[in-house]
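Student: Below is one structure. I have some questions about it.
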Protein chains: 2
Amino acid sequence: MVSIKDVAKHAGTSFKTVSRVVNNDPGVREETRLRVQQSIEALNYRPNSAARMMRNQKSGVIGFISDEVVTQPYAGDILLGAQQVASEHDKILMVVNIEHNRRHQQQALDMLLERRVEALVLASYFHREVEVPPEMQGVPSVLVNCFSTVEKLPSFVPDDEQAGFDATRLLLEQGHRCIGLISLDPRIEAARLRLAGYQRALQQAEIAFDPRLVVQGEGRAGQGTCSTPEAVDSLMALEPRPTAIVCGKDEFAMQVYFQLLRFGLRVGHDIALTSFDNQRLIAPNLSPGLTTMALPHLAMGRAALGHLFKPKADNSIRRLPFSVIERESHLLKS
Amino acid sequence: MVSIKDVAKHAGTSFKTVSRVVNNDPGVREETRLRVQQSIEALNYRPNSAARMMRNQKSGVIGFISDEVVTQPYAGDILLGAQQVASEHDKILMVVNIEHNRRHQQQALDMLLERRVEALVLASYFHREVEVPPEMQGVPSVLVNCFSTVEKLPSFVPDDEQAGFDATRLLLEQGHRCIGLISLDPRIEAARLRLAGYQRALQQAEIAFDPRLVVQGEGRAGQGTCSTPEAVDSLMALEPRPTAIVCGKDEFAMQVYFQLLRFGLRVGHDIALTSFDNQRLIAPNLSPGLTTMALPHLAMGRAALGHLFKPKADNSIRRLPFSVIERESHLLKS
DNA sequence: TGCGTCATTGACAACGTTGTCCGGCGGGAA
DNA sequence: TTCCCGCCGGACAACGTTGTCAATGACGCA
């Protein structure tokens, strides 16, 4: 590899002069600077970042531990937001995707710490509680789309409760009084929060909460497993029948569209729907388009990294708002 | 930061002995080794990778330039496959997501080269031709999901022609003789190849190619733009009406399900469908489930990195097979 | 007892870069 | 003409690590 000394030899100066040129030091004659720059070009010289790092005792690297973030649809926007802000501060992100096991995570962490990362980001592809490895206390760290109740670390998560409220409110505003909820697996953080938001919206509208209107669309319930079509069936069997449904996620909503057809019901005509996630593969391609709450992935990524660069000692959990994406499914047309 | 010398001082040896322990050199007395290891634990020492790198003249890093790969659904599997193979060879991947502009790409490349990456991977989120930056000639490089006709670099792309053939063959085997194709924007590589596969399958079945059966589901055609619902309409207006449709991608297929309902036609009963991509958000959630050709993302990532570690001088384009994911949409039930 | 051998440990250089310090040179002022 | 100052370039050290070689001591064998 071509080093600074090779450039010096080529340009006929000392290597220190080359260093000055590279680092835009004043105090190099214009003529010399030009000659050096030409040599750099000619030899295709690039400063060795390892040597710089050793000398400066700074890596310029921020570790990004991704729990499936990069392989799940659109959670990648977390990474995108993080990379944007890192780049604004002349830092680069070192991304490691870990699969769900301890040993793999430990390896990733060791690798990042040996590279002397200046900060660590731990991001999950869905909103959940995580075990924070003790090594993360050693460097400035943030959590994205996840949190910890034991280790106090700044966390950036979506405001699922408010989203649940908004998704329900949209339907209430259309005059619906009997609104079903097809909920996520209750072991998931988002499931509980969105349900809470649903209940708050009903309460605010002075509608009594009817537990029969809440059914699970996935996971285990009672003896066996449950599925979205079954959830639709049980809602449709109720008396009175709900006139609107809040779906726990867009995949549920999609299945709801099809299952309702079995009852001769069309979304947007006979029944209204709202949902969560704004999966760009699903929501706009349904007919009518699905009204859904978009996760603030990009914003979480940006906020988390922004926090790293501002010396706030505040380790609380920030809840970032969803965006309401209004299409047609929450409206009824005759 | 705690260095090897701090450990040596703590353990009461020379720093060279610590180095030996760290690198599992034989020729350290067991007692000494133990003492050093305790000091390492106590001080929480980690070798500085920058110093190692400088000494060894090897970075152990492979650069992964991602053209939106990590932010598009499931293209992230390319990264996953790449990371798996890299890790098997004790290399780590440095991932940079570039947005679609020259300057950004140049920055990413500079950064990676300054870090002395041992190889470069350029991956695109969809199958297309790319301009290969000249710097990539300097280090071993591979292209994933993209190719170049000017620079000769090993490339790993999906076999879209064969997939087009298979998607059509599935329908021919069910006895269909009049099969529509809703094609991608023809500027896309996959569009042309899948069409070619469709035509080859017809030819093999001795069915004359009817250009009216091929309609675009996106992009520009004739005077204005075209959409999937319009494509369905024009196919349904044909005489005789096609009894099956090959959809250019799962998003098209999804819209086709809904548009066909307008004609009172149900997929899986009145008309058969196949598609491409196996988007896990779409294909299994349609009803009936969508039969579709899964892109070999993981395999491409693995193959590309595998190639880097085997000294094959073969710079040809490898086409990796799709997987046929048979659900129910290609079958007709009465 | 003396010498060779082996096991164990330590001293030193070098990787490429940059900060500090110093020396040399040219120009302006007394 | 001489002295001083400012400007430019070079020598050197240090960052943390590992490969090479040497030093030390113990031990076995003649």
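Labeling convention for the structure tokens: chains A, B, ... as they appear, residues from 1 per chain, ligands from 1 in order of appearance.
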What are the closest atom pairs, with distances in Å to one decimal, for all residues of chain A lying within 8 Å of chain D? Consider only C-alpha atoms (C1' of nucleotides), order rows by chain and residue number, and present the result as CSV.
Tutor:
```
residue,atom,partner,partner_atom,distance
A:Ser14,CA,D:DG10,C1',6.6
A:Lys16,CA,D:DG10,C1',7.5
A:Thr17,CA,D:DG9,C1',7.0
A:Gly27,CA,D:DC8,C1',6.5
A:Val28,CA,D:DC8,C1',6.7
A:Arg29,CA,D:DC8,C1',7.6
A:Met54,CA,D:DC15,C1',5.0
A:Arg55,CA,D:DC15,C1',4.7
A:Asn56,CA,D:DC15,C1',7.6
A:Gln57,CA,D:DC15,C1',7.4
```
Student: I'd like the neighbourhood of Gln84 in chain A as a tab-separated table (two decimals) with N, CA and C atoms, in the first residue's frame, where a residue qualifies if any of its atoms comes within 12 Å (using only C-alpha atoms (C1' of nucleotides)), though same-chain residues fewer than 2 positions away should be ignored.
Tutor:
```tsv
chain	number	residue	atom	x	y	z
A	77	ASP	N	-35.45	1.80	7.97
A	77	ASP	CA	-35.48	3.26	8.03
A	77	ASP	C	-34.84	3.77	9.32
A	78	ILE	N	-34.84	2.96	10.35
A	78	ILE	CA	-34.13	3.34	11.57
A	78	ILE	C	-32.67	3.57	11.24
A	79	LEU	N	-32.12	2.60	10.53
A	79	LEU	CA	-30.72	2.68	10.13
A	79	LEU	C	-30.47	3.89	9.25
A	80	LEU	N	-31.40	4.13	8.34
A	80	LEU	CA	-31.26	5.25	7.43
A	80	LEU	C	-31.18	6.56	8.21
A	81	GLY	N	-32.11	6.75	9.14
A	81	GLY	CA	-32.11	7.96	9.94
A	81	GLY	C	-30.83	8.09	10.76
A	82	ALA	N	-30.40	6.99	11.32
A	82	ALA	CA	-29.18	7.00	12.13
A	82	ALA	C	-27.98	7.39	11.27
A	86	ALA	N	-25.44	10.59	11.75
A	86	ALA	CA	-24.03	10.27	11.97
A	86	ALA	C	-23.17	10.98	10.94
A	87	SER	N	-23.61	10.90	9.70
A	87	SER	CA	-22.85	11.49	8.62
A	87	SER	C	-22.77	13.02	8.76
A	88	GLU	N	-23.84	13.62	9.28
A	88	GLU	CA	-23.81	15.07	9.51
A	88	GLU	C	-22.74	15.43	10.52
A	89	HIS	N	-22.39	14.52	11.39
A	89	HIS	CA	-21.38	14.79	12.41
A	89	HIS	C	-20.05	14.13	12.08
A	90	ASP	N	-19.88	13.76	10.80
A	90	ASP	CA	-18.63	13.14	10.36
A	90	ASP	C	-18.28	11.88	11.11
A	91	LYS	N	-19.30	11.15	11.49
A	91	LYS	CA	-19.05	9.84	12.08
A	91	LYS	C	-19.57	8.80	11.11
A	92	ILE	N	-19.02	7.62	11.17
A	92	ILE	CA	-19.60	6.59	10.34
A	92	ILE	C	-20.14	5.47	11.22
A	93	LEU	N	-21.13	4.81	10.67
A	93	LEU	CA	-21.82	3.77	11.41
A	93	LEU	C	-21.23	2.41	11.04
A	298	LEU	N	-37.78	6.34	10.80
A	298	LEU	CA	-36.74	7.30	10.44
A	298	LEU	C	-36.50	8.27	11.58
A	299	ALA	N	-37.59	8.78	12.14
A	299	ALA	CA	-37.47	9.75	13.23
A	299	ALA	C	-36.77	9.16	14.44
A	300	MET	N	-37.05	7.92	14.75
A	300	MET	CA	-36.38	7.30	15.90
A	300	MET	C	-34.89	7.19	15.66
A	301	GLY	N	-34.52	6.77	14.46
A	301	GLY	CA	-33.10	6.67	14.13
A	301	GLY	C	-32.42	8.02	14.24
A	302	ARG	N	-33.07	9.04	13.73
A	302	ARG	CA	-32.47	10.38	13.77
A	302	ARG	C	-32.39	10.89	15.21
A	303	ALA	N	-33.48	10.73	15.93
A	303	ALA	CA	-33.52	11.24	17.31
A	303	ALA	C	-32.46	10.57	18.17
A	304	ALA	N	-32.31	9.27	18.00
A	304	ALA	CA	-31.37	8.52	18.83
A	304	ALA	C	-29.96	9.04	18.61
A	305	LEU	N	-29.59	9.21	17.36
A	305	LEU	CA	-28.24	9.68	17.10
A	305	LEU	C	-28.08	11.14	17.48
A	306	GLY	N	-29.12	11.90	17.26
A	306	GLY	CA	-29.08	13.28	17.69
A	306	GLY	C	-28.77	13.36	19.18
B	96	VAL	N	-22.32	0.29	4.24
B	96	VAL	CA	-22.68	1.67	4.01
B	96	VAL	C	-23.86	1.72	3.08
B	97	ASN	N	-24.90	2.35	3.52
B	97	ASN	CA	-26.06	2.52	2.66
B	97	ASN	C	-25.90	3.82	1.90
B	98	ILE	N	-25.92	3.74	0.58
B	98	ILE	CA	-25.79	4.97	-0.19
B	98	ILE	C	-27.12	5.34	-0.80
B	99	GLU	N	-27.36	6.62	-0.81
B	99	GLU	CA	-28.52	7.06	-1.56
B	99	GLU	C	-28.06	7.28	-2.99
B	104	HIS	N	-22.33	11.01	-2.64
B	104	HIS	CA	-22.52	10.13	-1.50
B	104	HIS	C	-21.77	8.81	-1.69
```
Student: Identify every residue of chain C that has at least one atom within 7 Å of any atom of chain A, counting only C-alpha atoms (C1' of nucleotides), and report the result as a list in words.
Tutor: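 That gives the following set of residues: DG16, DT17 and DT18 of chain C.
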Student: Distance limit 7 Å, atoms considered: only C-alpha atoms. Which chain A residues sit that close to chain B? Return them as a ChimeraX atom specification.
Tutor: /A:46-51,53-54,70-74,76-77,94-95,114-115,251,254-255,258,281-282,285-287
Student: If you keep C-alpha atoms, can you produce a file of those selected residues as a short mmCIF file (atom, residue, chain, number, x, y, z; two decimals), in the first residue's frame?
Tutor:
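The resulting again-v2.cif:
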```
data_model
loop_
_atom_site.label_atom_id
_atom_site.label_comp_id
_atom_site.auth_asym_id
_atom_site.auth_seq_id
_atom_site.Cartn_x
_atom_site.Cartn_y
_atom_site.Cartn_z
CA ARG A 46 -5.26 7.48 0.75
CA PRO A 47 -4.35 8.10 4.36
CA ASN A 48 -4.45 4.96 6.45
CA SER A 49 -7.29 5.34 8.88
CA ALA A 50 -5.82 2.81 11.31
CA ALA A 51 -2.71 4.91 11.75
CA MET A 53 -6.94 6.39 14.62
CA MET A 54 -4.02 5.30 16.69
CA VAL A 70 -31.96 -4.52 8.30
CA THR A 71 -33.76 -7.65 7.22
CA GLN A 72 -37.29 -6.73 8.20
CA PRO A 73 -39.31 -4.52 5.89
CA TYR A 74 -38.90 -0.82 6.58
CA GLY A 76 -34.32 -0.34 7.93
CA ASP A 77 -35.48 3.26 8.03
CA MET A 94 -20.57 0.24 11.77
CA VAL A 95 -23.59 -1.99 11.38
CA GLU A 114 -12.02 -3.58 19.94
CA ARG A 115 -12.57 -1.08 17.19
CA GLU A 251 -51.03 -7.80 7.70
CA MET A 254 -55.10 -7.37 4.63
CA GLN A 255 -56.49 -10.67 5.82
CA PHE A 258 -60.45 -11.01 2.35
CA LEU A 281 -46.20 -3.06 0.27
CA ILE A 282 -49.65 -3.50 1.73
CA ASN A 285 -52.20 -1.69 -2.67
CA LEU A 286 -55.37 -2.65 -0.85
CA SER A 287 -58.60 -1.46 -2.33
#
```
Student: If you run DSSP over the backbone, which residues in range 46-291 of chain B end up alpha helix (DSSP H)? Put them as an MDAnalysis selection string.
Tutor: chainID B and resid 49:56 76:88 102:114 160:173 189:204 228:236 250:262
Student: Write a file of the just-selected residues containing C-alpha atoms, as a CSV table (one decimal), in the first residue's frame.
Tutor:
```
chain,number,residue,atom,x,y,z
B,49,SER,CA,-7.8,-3.3,16.5
B,50,ALA,CA,-6.3,-0.2,14.9
B,51,ALA,CA,-2.9,-1.1,16.3
B,52,ARG,CA,-3.3,-4.7,15.2
B,53,MET,CA,-4.3,-3.6,11.8
B,54,MET,CA,-1.3,-1.4,11.4
B,55,ARG,CA,1.0,-4.1,12.6
B,56,ASN,CA,-0.6,-6.8,10.5
B,76,GLY,CA,-31.8,-7.2,3.3
B,77,ASP,CA,-31.4,-11.0,3.0
B,78,ILE,CA,-28.6,-10.2,0.6
B,79,LEU,CA,-26.8,-8.6,3.5
B,80,LEU,CA,-27.7,-11.4,5.8
B,81,GLY,CA,-26.2,-14.0,3.5
B,82,ALA,CA,-23.1,-11.9,2.9
B,83,GLN,CA,-22.6,-11.5,6.7
B,84,GLN,CA,-23.0,-15.2,7.3
B,85,VAL,CA,-20.2,-16.1,4.9
B,86,ALA,CA,-17.9,-13.3,6.0
B,87,SER,CA,-18.3,-14.3,9.6
B,88,GLU,CA,-17.4,-17.9,8.6
B,102,ARG,CA,-22.5,10.2,-7.0
B,103,ARG,CA,-21.1,12.3,-4.2
B,104,HIS,CA,-22.5,10.1,-1.5
B,105,GLN,CA,-21.2,7.0,-3.2
B,106,GLN,CA,-17.7,8.6,-3.6
B,107,GLN,CA,-17.6,9.4,0.1
B,108,ALA,CA,-18.6,5.9,1.1
B,109,LEU,CA,-15.9,4.5,-1.2
B,110,ASP,CA,-13.2,6.8,0.1
B,111,MET,CA,-14.1,5.9,3.7
B,112,LEU,CA,-13.9,2.2,3.0
B,113,LEU,CA,-10.7,2.5,1.1
B,114,GLU,CA,-9.1,4.5,3.9
B,160,ASP,CA,-35.3,-13.8,-14.2
B,161,GLU,CA,-35.6,-15.5,-17.5
B,162,GLN,CA,-35.9,-18.9,-16.0
B,163,ALA,CA,-38.3,-17.6,-13.4
B,164,GLY,CA,-40.5,-16.1,-16.1
B,165,PHE,CA,-40.4,-19.5,-17.7
B,166,ASP,CA,-41.4,-21.3,-14.5
B,167,ALA,CA,-44.1,-18.9,-13.6
B,168,THR,CA,-45.7,-19.5,-17.0
B,169,ARG,CA,-45.1,-23.2,-17.0
B,170,LEU,CA,-47.0,-23.6,-13.8
B,171,LEU,CA,-50.0,-22.3,-15.5
B,172,LEU,CA,-49.5,-24.2,-18.7
B,173,GLU,CA,-49.4,-27.4,-16.7
B,189,GLU,CA,-33.9,-5.6,-16.5
B,190,ALA,CA,-36.2,-8.1,-14.8
B,191,ALA,CA,-39.1,-7.0,-17.0
B,192,ARG,CA,-37.3,-8.0,-20.2
B,193,LEU,CA,-36.0,-11.2,-18.9
B,194,ARG,CA,-39.2,-12.4,-17.3
B,195,LEU,CA,-41.0,-11.6,-20.6
B,196,ALA,CA,-38.5,-13.7,-22.5
B,197,GLY,CA,-39.1,-16.6,-20.1
B,198,TYR,CA,-42.8,-16.2,-20.6
B,199,GLN,CA,-42.3,-16.4,-24.4
B,200,ARG,CA,-40.0,-19.4,-24.2
B,201,ALA,CA,-42.6,-21.3,-22.1
B,202,LEU,CA,-45.3,-20.5,-24.6
B,203,GLN,CA,-43.1,-21.5,-27.5
B,204,GLN,CA,-42.3,-24.8,-25.8
B,228,THR,CA,-52.2,-2.3,-12.7
B,229,PRO,CA,-56.0,-1.9,-12.5
B,230,GLU,CA,-56.0,-0.6,-16.1
B,231,ALA,CA,-53.8,-3.5,-17.1
B,232,VAL,CA,-56.4,-5.9,-15.7
B,233,ASP,CA,-59.2,-4.1,-17.4
B,234,SER,CA,-57.5,-4.3,-20.8
B,235,LEU,CA,-56.8,-8.1,-20.3
B,236,MET,CA,-60.4,-8.7,-19.3
B,250,ASP,CA,-46.5,-9.5,-5.9
B,251,GLU,CA,-47.7,-5.9,-5.6
B,252,PHE,CA,-49.3,-6.2,-9.0
B,253,ALA,CA,-50.8,-9.5,-8.0
B,254,MET,CA,-52.3,-8.0,-4.9
B,255,GLN,CA,-54.0,-5.3,-7.0
B,256,VAL,CA,-55.1,-7.8,-9.5
B,257,TYR,CA,-57.0,-9.7,-6.8
B,258,PHE,CA,-59.0,-6.6,-6.0
B,259,GLN,CA,-59.5,-5.5,-9.6
B,260,LEU,CA,-60.8,-8.9,-10.6
B,261,LEU,CA,-63.4,-8.6,-7.9
B,262,ARG,CA,-64.9,-5.8,-9.9
```
Student: Hey, what does DSSP flag as strand (DSSP E) within range 21-244 of chain B? Can you give it to me as a PyMOL selection string?
Tutor: chain B and resi 61-67+92-97+119-129+141-147+155-158+179-183+214-216+220-221+224-225+244
